[in-house]
$ cat data36.tsv   # TSV, C-alpha atoms
chain	number	residue	atom	x	y	z
A	1	MET	CA	145.06	53.53	139.49
A	2	LYS	CA	144.65	57.13	140.59
A	3	TYR	CA	141.80	59.13	142.06
A	4	ARG	CA	141.13	62.84	141.87
A	5	VAL	CA	138.98	64.75	144.34
A	6	THR	CA	137.79	68.16	143.13
A	7	CYS	CA	136.23	70.55	145.62
A	8	LEU	CA	132.83	71.82	144.52
A	9	THR	CA	132.24	73.93	147.63
A	10	PRO	CA	134.73	75.18	150.26
A	11	THR	CA	136.07	72.09	152.02
A	12	LEU	CA	137.91	71.46	155.26
A	13	VAL	CA	139.27	68.06	156.20
A	14	GLY	CA	141.30	68.77	159.30
A	15	ASP	CA	143.42	66.95	161.84
A	16	GLY	CA	141.89	68.58	164.89
A	17	GLN	CA	144.34	71.47	164.96
A	18	LYS	CA	143.36	75.14	165.25
A	19	LEU	CA	145.24	78.40	164.95
A	20	ALA	CA	144.91	80.35	168.19
A	21	PRO	CA	144.61	84.15	167.87
A	22	ILE	CA	148.19	84.44	169.16
A	23	ASP	CA	149.44	82.17	166.35
A	24	TYR	CA	148.61	84.63	163.58
A	25	MET	CA	148.00	88.25	162.70
A	26	VAL	CA	145.70	89.78	160.09
A	27	TRP	CA	147.56	92.10	157.74
A	28	ARG	CA	146.71	93.19	154.19
A	29	ASP	CA	143.53	91.06	154.00
A	30	HIS	CA	145.48	87.91	154.89
A	31	VAL	CA	145.82	85.68	157.91
A	32	ASN	CA	149.57	85.65	158.41
A	33	VAL	CA	150.53	82.49	160.33
A	34	LEU	CA	153.55	83.30	162.44
A	35	ASP	CA	156.68	81.18	162.37
A	36	GLN	CA	157.02	81.20	166.16
A	37	ARG	CA	160.28	79.23	166.30
A	38	ARG	CA	161.94	81.70	163.97
A	39	ILE	CA	160.59	84.58	166.06
A	40	PHE	CA	161.89	83.04	169.29
A	41	ARG	CA	165.35	82.57	167.77
A	42	LEU	CA	165.39	86.20	166.66
A	43	LEU	CA	164.19	87.66	169.96
A	44	ALA	CA	166.54	85.48	172.00
A	45	LYS	CA	169.38	87.60	170.62
A	46	GLY	CA	168.03	90.78	172.25
A	47	PRO	CA	165.98	92.11	175.18
A	48	ARG	CA	162.48	91.75	173.67
A	49	LEU	CA	161.91	88.03	174.22
A	50	GLU	CA	160.51	88.39	177.74
A	51	GLY	CA	158.01	91.03	176.61
A	52	TYR	CA	156.85	88.85	173.73
A	53	LEU	CA	156.45	85.79	175.95
A	54	ALA	CA	154.54	87.87	178.52
A	55	GLN	CA	152.06	88.99	175.88
A	56	LEU	CA	151.65	85.44	174.55
A	57	LYS	CA	150.81	84.36	178.09
A	58	LYS	CA	148.25	87.03	178.96
A	59	ALA	CA	146.86	88.40	175.68
A	60	ASP	CA	143.85	87.20	173.68
A	61	LYS	CA	145.46	88.54	170.50
A	62	LEU	CA	148.88	89.90	169.70
A	63	ASP	CA	149.11	93.69	169.83
A	64	PHE	CA	149.57	94.70	166.20
A	65	ALA	CA	151.06	98.06	167.16
A	66	SER	CA	153.91	96.31	168.98
A	67	TRP	CA	154.39	93.13	166.99
A	68	GLY	CA	152.82	93.80	163.59
A	69	GLY	CA	156.20	93.63	161.89
A	70	PHE	CA	156.19	89.90	162.52
A	71	ALA	CA	153.15	89.52	160.27
A	72	GLN	CA	155.10	91.18	157.49
A	73	ASN	CA	158.43	89.44	157.91
A	74	PHE	CA	158.00	86.21	159.88
A	75	ALA	CA	154.89	84.53	158.49
A	76	GLY	CA	155.17	80.82	157.74
A	77	ARG	CA	152.26	81.09	155.33
A	78	ARG	CA	149.70	83.69	154.31
A	79	LEU	CA	146.05	82.78	153.82
A	80	PRO	CA	143.75	85.29	152.10
A	81	PHE	CA	140.26	85.88	153.37
A	82	GLU	CA	137.64	84.73	150.88
A	83	HIS	CA	136.37	88.32	150.68
A	84	PRO	CA	137.41	91.63	152.32
A	85	SER	CA	133.90	91.91	153.79
A	86	SER	CA	134.88	89.20	156.30
A	87	ILE	CA	137.54	91.36	157.95
A	88	PRO	CA	135.24	93.75	159.90
A	89	PHE	CA	133.51	90.71	161.42
A	90	TYR	CA	136.90	89.30	162.37
A	91	GLU	CA	137.90	92.58	164.01
A	92	ARG	CA	134.69	92.75	166.08
A	93	ALA	CA	134.65	89.07	167.08
A	94	HIS	CA	135.53	87.81	170.55
A	95	ALA	CA	138.94	86.20	170.78
A	96	ALA	CA	137.29	82.93	171.86
A	97	ASP	CA	135.63	82.77	168.42
A	98	LEU	CA	138.86	83.31	166.48
A	99	PHE	CA	140.39	79.86	166.75
A	100	ILE	CA	140.70	78.84	163.10
A	101	PRO	CA	140.44	75.11	162.22
A	102	THR	CA	143.13	74.23	159.70
A	103	PHE	CA	143.41	71.73	156.85
A	104	ALA	CA	145.26	68.46	157.47
A	105	THR	CA	148.95	69.04	156.84
A	106	ASN	CA	152.16	67.05	156.79
A	107	ALA	CA	155.71	68.33	156.55
A	108	ALA	CA	155.30	69.08	152.83
A	109	GLY	CA	151.90	70.82	152.90
A	110	PRO	CA	148.14	70.27	153.01
A	111	TYR	CA	146.76	66.91	151.88
A	112	LEU	CA	143.48	64.99	151.89
A	113	PRO	CA	143.43	62.07	154.37
A	114	ALA	CA	142.11	58.85	152.85
A	115	THR	CA	139.86	58.28	155.87
A	116	ALA	CA	137.64	61.18	154.76
A	117	LEU	CA	136.90	59.41	151.47
A	118	LYS	CA	136.52	55.92	152.93
A	119	GLY	CA	134.14	57.22	155.61
A	120	ALA	CA	131.91	58.97	153.07
A	121	LEU	CA	131.90	55.95	150.75
A	122	ARG	CA	130.99	53.69	153.68
A	123	SER	CA	128.09	55.96	154.69
A	124	GLY	CA	126.79	55.89	151.11
A	125	SER	CA	127.00	52.11	150.94
A	126	VAL	CA	125.14	51.70	154.23
A	127	PHE	CA	122.54	54.31	153.22
A	128	ASP	CA	121.81	52.37	150.04
A	129	ARG	CA	121.13	49.14	151.92
A	130	TRP	CA	119.43	50.22	155.13
A	131	THR	CA	115.62	50.23	155.08
A	132	GLU	CA	112.91	51.42	157.42
A	133	ASN	CA	112.79	47.88	158.80
A	134	THR	CA	116.48	48.11	159.70
A	135	VAL	CA	115.88	51.24	161.77
A	136	ARG	CA	112.73	49.78	163.32
A	137	GLU	CA	114.67	46.71	164.46
A	138	MET	CA	117.38	48.92	165.97
A	139	ALA	CA	114.77	51.07	167.73
A	140	GLU	CA	113.19	47.97	169.27
A	141	ARG	CA	116.53	47.14	170.89
A	142	VAL	CA	116.74	50.55	172.56
A	143	GLU	CA	116.13	50.53	176.30
A	144	ASP	CA	117.28	53.18	178.78
A	145	ARG	CA	120.45	54.14	176.96
A	146	ILE	CA	122.23	53.62	173.67
A	147	PRO	CA	125.07	51.09	173.98
A	148	ARG	CA	128.44	51.79	172.40
A	149	TYR	CA	128.78	50.76	168.76
A	150	PHE	CA	125.01	50.46	168.64
A	151	ALA	CA	124.73	50.39	164.83
A	152	THR	CA	127.87	48.36	164.10
A	153	ARG	CA	126.07	45.05	163.76
A	154	ALA	CA	123.47	46.55	161.41
A	155	GLU	CA	126.21	48.16	159.31
A	156	ASP	CA	128.24	44.96	159.08
A	157	ALA	CA	125.13	43.01	158.12
A	158	VAL	CA	124.49	45.12	155.01
A	159	LEU	CA	128.16	45.49	154.10
A	160	GLY	CA	128.77	41.76	154.11
A	161	GLY	CA	130.36	41.15	157.48
A	162	SER	CA	133.89	41.75	158.70
A	163	GLY	CA	137.31	40.99	157.24
A	164	GLY	CA	137.65	40.15	153.57
A	165	ALA	CA	133.90	39.74	153.12
A	166	ASN	CA	133.23	43.39	153.90
A	167	ARG	CA	132.51	45.41	150.75
A	168	MET	CA	134.65	48.29	151.99
A	169	ARG	CA	137.71	46.02	151.94
A	170	ARG	CA	137.42	45.65	148.19
A	171	VAL	CA	138.90	49.09	147.57
A	172	ALA	CA	142.00	50.70	149.05
A	173	VAL	CA	142.46	54.46	149.12
A	174	ALA	CA	145.72	56.28	149.92
A	175	ASP	CA	146.20	59.74	151.33
A	176	SER	CA	146.47	62.32	148.57
A	177	GLY	CA	149.61	64.11	147.58
A	178	VAL	CA	150.11	67.61	148.93
A	179	VAL	CA	148.66	70.71	147.29
A	180	ALA	CA	149.89	74.28	147.31
A	181	TYR	CA	148.68	76.66	150.01
A	182	SER	CA	147.51	78.89	147.17
A	183	GLY	CA	144.39	76.70	147.05
A	184	MET	CA	143.48	77.57	150.65
A	185	LYS	CA	141.46	80.53	151.89
A	186	VAL	CA	139.95	81.64	155.19
A	187	TYR	CA	136.16	81.52	154.90
A	188	LEU	CA	133.50	83.09	157.07
A	189	LEU	CA	130.75	80.72	158.21
A	190	ARG	CA	127.67	81.09	160.40
A	191	THR	CA	125.24	78.55	161.83
A	192	SER	CA	121.68	78.97	160.63
A	193	THR	CA	118.64	77.73	162.53
A	194	LEU	CA	114.85	77.73	162.43
A	195	ILE	CA	112.87	79.97	164.78
A	196	PRO	CA	109.17	79.17	165.48
A	197	ARG	CA	106.86	82.18	165.03
A	198	GLY	CA	103.46	80.67	165.80
A	199	ASN	CA	100.82	79.05	163.57
A	200	ASP	CA	103.42	76.45	162.56
A	201	ARG	CA	105.43	79.22	160.88
A	202	LEU	CA	109.22	79.01	160.89
A	203	GLU	CA	111.70	81.77	160.13
A	204	LEU	CA	115.41	81.84	159.44
A	205	GLY	CA	117.58	82.58	162.46
A	206	TRP	CA	121.29	82.49	163.22
A	207	LYS	CA	123.12	80.99	166.18
A	208	SER	CA	124.87	83.26	168.64
A	209	ALA	CA	127.32	82.16	171.31
A	210	ARG	CA	126.35	85.08	173.55
A	211	GLY	CA	123.14	86.72	174.65
A	212	SER	CA	120.19	85.33	172.75
A	213	LEU	CA	121.02	81.90	171.42
A	214	GLU	CA	119.12	82.65	168.22
A	215	ALA	CA	119.36	85.98	166.43
A	216	LYS	CA	117.15	87.04	163.56
A	217	ARG	CA	119.74	89.52	162.29
A	218	VAL	CA	122.64	87.69	160.70
A	219	ASP	CA	125.18	90.30	161.86
A	220	GLU	CA	124.23	89.54	165.49
A	221	SER	CA	125.22	85.90	165.15
A	222	THR	CA	128.62	84.43	165.98
A	223	PRO	CA	130.99	84.28	163.00
A	224	LEU	CA	133.21	81.26	162.46
A	225	PHE	CA	136.43	81.29	160.47
A	226	ALA	CA	138.07	78.23	158.92
A	227	GLU	CA	140.93	77.43	156.56
A	228	MET	CA	139.29	75.66	153.63
A	229	ALA	CA	140.23	74.43	150.18
A	230	ALA	CA	138.58	76.67	147.62
A	231	PRO	CA	136.24	75.27	144.94
A	232	GLY	CA	138.29	73.88	142.07
A	233	THR	CA	141.13	72.65	144.30
A	234	ALA	CA	142.10	69.10	143.27
A	235	PHE	CA	143.70	66.35	145.35
A	236	ASP	CA	145.28	63.31	143.66
A	237	GLY	CA	146.10	59.95	145.24
A	238	GLY	CA	146.37	56.21	144.77
A	239	TRP	CA	143.40	53.88	144.37
A	240	ARG	CA	143.32	50.05	144.27
A	241	GLU	CA	140.27	47.87	143.67
A	242	ARG	CA	139.48	44.20	143.23
A	243	SER	CA	137.14	44.82	140.32
A	244	ALA	CA	135.54	47.72	138.49
A	245	ALA	CA	132.12	46.26	139.32
A	246	ASP	CA	132.69	46.78	143.06
A	247	ARG	CA	133.65	50.40	142.51
A	248	ILE	CA	130.69	51.05	140.19
A	249	LYS	CA	128.22	49.73	142.77
A	250	MET	CA	129.86	51.80	145.50
A	251	PHE	CA	129.73	54.96	143.39
A	252	GLU	CA	126.10	54.36	142.42
A	253	ALA	CA	125.22	54.02	146.11
A	254	SER	CA	127.14	57.19	146.97
A	255	ASN	CA	125.34	59.13	144.24
A	256	ARG	CA	121.97	58.01	145.54
A	257	TYR	CA	123.07	59.12	148.98
A	258	ALA	CA	124.15	62.51	147.60
A	259	GLU	CA	120.79	62.85	145.84
A	260	GLY	CA	118.97	62.34	149.14
A	261	GLN	CA	121.21	64.79	151.01
A	262	ILE	CA	120.84	67.49	148.37
A	263	ALA	CA	117.05	67.10	148.39
A	264	ARG	CA	116.91	67.59	152.17
A	265	HIS	CA	119.21	70.59	152.02
A	266	ARG	CA	117.12	72.14	149.24
A	267	GLU	CA	113.97	71.85	151.36
A	268	TYR	CA	115.82	73.72	154.08
A	269	ALA	CA	117.12	76.44	151.75
A	270	GLN	CA	113.67	77.02	150.31
A	271	ARG	CA	112.05	77.12	153.75
A	272	THR	CA	114.58	79.69	154.99
A	273	GLY	CA	114.64	81.78	151.82
A	274	MET	CA	118.41	81.44	151.24
A	275	THR	CA	118.27	81.86	147.47
A	276	LYS	CA	122.02	81.70	146.81
A	277	LEU	CA	122.27	78.49	148.80
A	278	ALA	CA	119.35	77.04	146.83
A	279	ALA	CA	121.11	78.01	143.58
A	280	LYS	CA	124.31	76.28	144.71
A	281	LEU	CA	122.32	73.13	145.51
A	282	ASP	CA	120.84	73.30	142.00
A	283	GLN	CA	124.41	73.36	140.64
A	284	LEU	CA	125.34	70.34	142.76
A	285	GLU	CA	122.29	68.49	141.47
A	286	ALA	CA	123.26	69.30	137.88
A	287	ARG	CA	126.80	68.04	138.52
A	288	LEU	CA	125.35	64.89	140.08
A	289	ALA	CA	123.33	64.24	136.92
A	290	GLU	CA	126.53	64.54	134.87
A	291	VAL	CA	128.58	62.11	136.96
A	292	ARG	CA	125.78	59.54	137.05
A	293	ALA	CA	126.11	59.24	133.31
A	294	SER	CA	129.58	57.76	133.85
A	295	ASP	CA	130.76	54.83	135.94
A	296	HIS	CA	133.90	56.39	137.35
A	297	ALA	CA	132.72	59.34	139.46
A	298	CYS	CA	130.51	60.23	142.40
A	299	LEU	CA	129.63	63.19	144.63
A	300	LEU	CA	130.48	63.09	148.33
A	301	SER	CA	129.98	65.27	151.38
A	302	ILE	CA	133.17	65.09	153.44
A	303	GLY	CA	134.98	66.76	156.29
A	304	TRP	CA	134.14	69.51	158.74
A	305	GLY	CA	130.82	71.33	158.84
A	306	GLY	CA	128.63	68.83	156.99
A	307	GLY	CA	126.40	68.27	160.00
A	308	LEU	CA	124.26	65.25	160.79
A	309	LEU	CA	123.06	64.73	157.22
A	310	GLY	CA	126.65	64.55	156.04
A	311	LYS	CA	127.49	61.72	158.43
A	312	SER	CA	124.30	59.75	159.00
A	313	ALA	CA	123.50	56.76	156.78
A	314	TYR	CA	119.78	57.26	157.42
A	315	ILE	CA	118.37	60.67	156.49
A	316	LYS	CA	114.61	60.17	156.97
A	317	THR	CA	114.79	62.21	160.15
A	318	GLU	CA	111.01	62.41	160.46
A	319	ASP	CA	110.81	58.62	160.92
A	320	ASP	CA	109.33	57.76	164.35
A	321	PHE	CA	111.68	54.85	164.95
A	322	TYR	CA	114.69	56.99	164.06
A	323	ARG	CA	113.52	59.67	166.48
A	324	LYS	CA	113.02	57.07	169.20
A	325	ILE	CA	116.71	56.22	168.93
A	326	LEU	CA	117.81	59.86	169.00
A	327	ARG	CA	115.70	60.58	172.10
A	328	GLN	CA	118.08	58.38	174.05
A	329	MET	CA	121.08	60.49	173.01
A	330	PRO	CA	121.62	63.54	175.26
A	331	ILE	CA	123.11	65.57	172.42
A	332	TYR	CA	119.91	65.24	170.34
A	333	GLN	CA	117.27	64.65	173.00
A	334	ARG	CA	116.17	68.25	173.43
A	335	ALA	CA	116.02	68.93	169.69
A	336	ILE	CA	113.83	65.89	169.10
A	337	GLN	CA	111.44	66.78	171.94
A	338	THR	CA	110.63	70.16	170.37
A	339	GLY	CA	108.91	68.42	167.45
A	340	MET	CA	110.55	70.84	165.01
A	341	PRO	CA	112.16	69.75	161.72
A	342	PHE	CA	115.40	67.94	162.45
A	343	PRO	CA	118.15	68.91	162.07
A	344	LYS	CA	117.13	72.57	162.21
A	345	THR	CA	120.66	73.96	161.86
A	346	ARG	CA	123.18	74.16	159.03
A	347	ARG	CA	126.73	75.47	159.00
A	348	VAL	CA	126.66	77.86	156.04
A	349	VAL	CA	129.63	79.25	154.11
A	350	PHE	CA	129.38	82.97	153.34
A	351	GLU	CA	130.87	84.26	150.12
A	352	GLY	CA	130.91	88.01	149.55
A	353	ASN	CA	129.06	88.29	152.89
A	354	GLN	CA	126.11	86.26	151.56
A	355	PRO	CA	125.04	82.75	152.70
A	356	SER	CA	126.07	80.82	149.63
A	357	SER	CA	126.98	77.16	150.10
A	358	LEU	CA	127.37	74.20	152.41
A	359	PRO	CA	130.88	72.99	153.17
A	360	GLY	CA	132.53	69.80	152.06
A	361	TRP	CA	130.95	68.85	148.71
A	362	VAL	CA	133.46	67.22	146.37
A	363	MET	CA	133.57	65.10	143.22
A	364	LEU	CA	135.56	61.86	143.36
A	365	GLU	CA	136.83	60.45	140.04
A	366	VAL	CA	138.82	57.27	139.50
A	367	GLY	CA	140.65	56.42	136.32

$ encode --input "data36.tsv" --output "structure tokens"
Amino acid sequence: MKYRVTCLTPTLVGDGQKLAPIDYMVWRDHVNVLDQRRIFRLLAKGPRLEGYLAQLKKADKLDFASWGGFAQNFAGRRLPFEHPSSIPFYERAHAADLFIPTFATNAAGPYLPATALKGALRSGSVFDRWTENTVREMAERVEDRIPRYFATRAEDAVLGGSGGANRMRRVAVADSGVVAYSGMKVYLLRTSTLIPRGNDRLELGWKSARGSLEAKRVDESTPLFAEMAAPGTAFDGGWRERSAADRIKMFEASNRYAEGQIARHREYAQRTGMTKLAAKLDQLEARLAEVRASDHACLLSIGWGGGLLGKSAYIKTEDDFYRKILRQMPIYQRAIQTGMPFPKTRRVVFEGNQPSSLPGWVMLEVG
């Protein structure tokens, strides 16, 4: 059997690699990724190699006036920006903010790792079976610190144990085939947040890496750039299952999980007044209603930028027992102690310089 994953919003499933600002140049509204080995071979034939190596060593970015010809003639691939409005923000950004996460790639091109799908399907299956009592029992085991693999036993209990009894072992997913780079673009993203304004009033803010940590003006926030698969990009791969019934139950669970995630994101979009984001969530909900009418498709949130709600199998973040667990985690401790809605941030994809969607929403079909 085969599966197809279709991107519904810009999606990045990476392998931990990033393009440094000295690995590419921006020319003609494209990120031109330099073929450094080819450049080294060329410069080794003349006197310019030492100058090029010296700039690579000391510069934050390559000097376009000196080396811009490489962007024209020695680019391994060229990635268009999603919209020309992103380029002025790129030009004004600090070099430290211009490391671009890239899509997972093998020797033939970009592909979708199977682990991204299996992880999302597992989270959906656990979400569908965990209850408030499950979280309460875990919270009662919390003492001074959270042990490693704290939730593993609770996950295994609802998934049917380890080995062949585990529900996740009843399906096998392969990495997808490669897709053309023409499906990839460089998107501008920013991290939104909630700013308290007194009388229990919250306003939309944006995260900044410098100066004030929270800026009300979006242009004062820190831009992020990422190589992402554009909506409509499709990845195909192999799928094996023991029975259609197992897959149907897994997809039903994943769709219920997606329903809960979309509802929480919509609350956030409405609270912050991001109308285009709310409209995109309405579109995702409509697509979810369509796929639920079949038994061979589901919606998933995968990859980079999905945040806590895209990875956690329990999304009732206001639950006291859930918060008790998070208070023991240094990364979340401060956020929980504020008493504000949690999580209060989202990584938002900008399209046409407007906050428009959340990354990583895809439709998985098997047939």

$ residues_around --input "data36.tsv" --residues "Leu299 (chain A)" --least-positions-apart "3" --cutoff "9 Å" --atoms "all atoms listed in the file" --output "number ranges by chain"
A: 251, 254-255, 257-259, 284, 287-288, 291, 361-365

$ axis_aligned_box --input "data36.tsv" --around "region 150-156 of chain A" --padding-each-side "8 Å" --output "JSON"
{"center_x": 125.9, "center_y": 47.7, "center_z": 163.9, "size_x": 20.8, "size_y": 21.5, "size_z": 25.6}

$ residues_around --input "data36.tsv" --residues "Pro359 (chain A)" --least-positions-apart "5" --cutoff "9 Å" --atoms "all atoms listed in the file" --output "list in words"
Leu8, Thr9, Pro10, Thr11, Leu12, Met228, Ser301, Ile302, Gly303, Trp304, Gly305, Gly306, Arg347, Val348 and Val349 of chain A

$ closest_residue --input "data36.tsv" --among "A:Asp128, A:Asp200, A:Asp175, A:Asp295" --to "Gly260 (chain A)" --atoms "only C-alpha atoms"
A:Asp128

$ atom_distance --input "data36.tsv" --atom1 "CA of Phe70 (chain A)" --atom2 "CA of Glu91 (chain A)"
18.5 Å

$ atom_distance --input "data36.tsv" --atom1 "CA of Ser125 (chain A)" --atom2 "CA of Met250 (chain A)"
6.2 Å

$ residues_near_point --input "data36.tsv" --point "(159.4, 82.5, 159.1)" --cutoff "10 Å" --atoms "only C-alpha atoms" --output "list of chain:residue names"
A:Val33, A:Leu34, A:Asp35, A:Gln36, A:Arg37, A:Arg38, A:Ile39, A:Phe70, A:Ala71, A:Gln72, A:Asn73, A:Phe74, A:Ala75, A:Gly76, A:Arg77

$ closest_residue --input "data36.tsv" --among "A:Ala120, A:Leu188, A:Leu79, A:Ala44" --to "Asp29 (chain A)" --atoms "all atoms listed in the file"
A:Leu79

$ atom_distance --input "data36.tsv" --atom1 "CA of Asp23 (chain A)" --atom2 "CA of Val178 (chain A)"
22.7 Å

$ closest_residue --input "data36.tsv" --among "A:Gly360, A:Pro196, A:Gly238, A:Pro47" --to "Lys344 (chain A)" --atoms "all atoms listed in the file"
A:Pro196

$ closest_atom_pairs --input "data36.tsv" --of "region 285-327 of chain A" --to "region 143-156 of chain A" --cutoff "12 Å" --atoms "all atoms listed in the file" --output "tab-separated table"
residue	atom	partner	partner_atom	distance
A:Ser312	CA	A:Ala151	CA	11.0
A:Ala313	CA	A:Glu155	CA	9.4
A:Tyr314	CA	A:Ala151	CA	11.3
A:Lys324	CA	A:Glu143	CA	10.1
A:Ile325	CA	A:Ile146	CA	7.7
A:Leu326	CA	A:Ile146	CA	9.0
A:Arg327	CA	A:Arg145	CA	9.4

$ residues_near_point --input "data36.tsv" --point "(143.0, 92.6, 158.3)" --cutoff "12 Å" --atoms "all atoms listed in the file" --output "PyMOL selection string"
chain A and resi 24-32+64+68+71+78-81+83-92+186

$ residues_around --input "data36.tsv" --residues "Glu82 (chain A)" --least-positions-apart "6" --cutoff "9 Å" --atoms "all atoms listed in the file" --output "JSON, numbers by chain"
{"A": [185, 186, 187, 188, 230, 350, 351, 352]}

$ closest_residue --input "data36.tsv" --among "A:Leu202, A:Gln55, A:Ala286, A:Ala174" --to "Asp236 (chain A)" --atoms "all atoms listed in the file"
A:Ala174

$ closest_residue --input "data36.tsv" --among "A:Ala244, A:Ile315, A:Thr102, A:Tyr111" --to "Ala263 (chain A)" --atoms "all atoms listed in the file"
A:Ile315

$ decode --input "data36.tsv" --residues "region 52-72 of chain A" --atoms "C-alpha atoms" --output "PDB file, in the first residue's frame"
ATOM      1  CA  TYR A  52      37.582  33.863   0.152  1.00  0.00           C
ATOM      2  CA  LEU A  53      38.614  31.618   3.055  1.00  0.00           C
ATOM      3  CA  ALA A  54      39.535  34.686   5.127  1.00  0.00           C
ATOM      4  CA  GLN A  55      36.076  36.154   4.633  1.00  0.00           C
ATOM      5  CA  LEU A  56      34.385  32.847   5.459  1.00  0.00           C
ATOM      6  CA  LYS A  57      36.356  32.808   8.700  1.00  0.00           C
ATOM      7  CA  LYS A  58      35.655  36.346   9.890  1.00  0.00           C
ATOM      8  CA  ALA A  59      32.461  37.530   8.169  1.00  0.00           C
ATOM      9  CA  ASP A  60      28.861  37.200   9.347  1.00  0.00           C
ATOM     10  CA  LYS A  61      27.693  37.261   5.726  1.00  0.00           C
ATOM     11  CA  LEU A  62      29.493  37.077   2.423  1.00  0.00           C
ATOM     12  CA  ASP A  63      30.196  40.463   0.853  1.00  0.00           C
ATOM     13  CA  PHE A  64      27.905  40.559  -2.169  1.00  0.00           C
ATOM     14  CA  ALA A  65      30.003  43.238  -3.870  1.00  0.00           C
ATOM     15  CA  SER A  66      33.013  40.900  -3.895  1.00  0.00           C
ATOM     16  CA  TRP A  67      31.455  37.472  -4.225  1.00  0.00           C
ATOM     17  CA  GLY A  68      27.968  38.063  -5.624  1.00  0.00           C
ATOM     18  CA  GLY A  69      28.882  36.348  -8.877  1.00  0.00           C
ATOM     19  CA  PHE A  70      28.897  33.058  -6.992  1.00  0.00           C
ATOM     20  CA  ALA A  71      25.182  33.449  -6.273  1.00  0.00           C
ATOM     21  CA  GLN A  72      24.577  33.739  -9.995  1.00  0.00           C
TER      22      GLN A  72
END
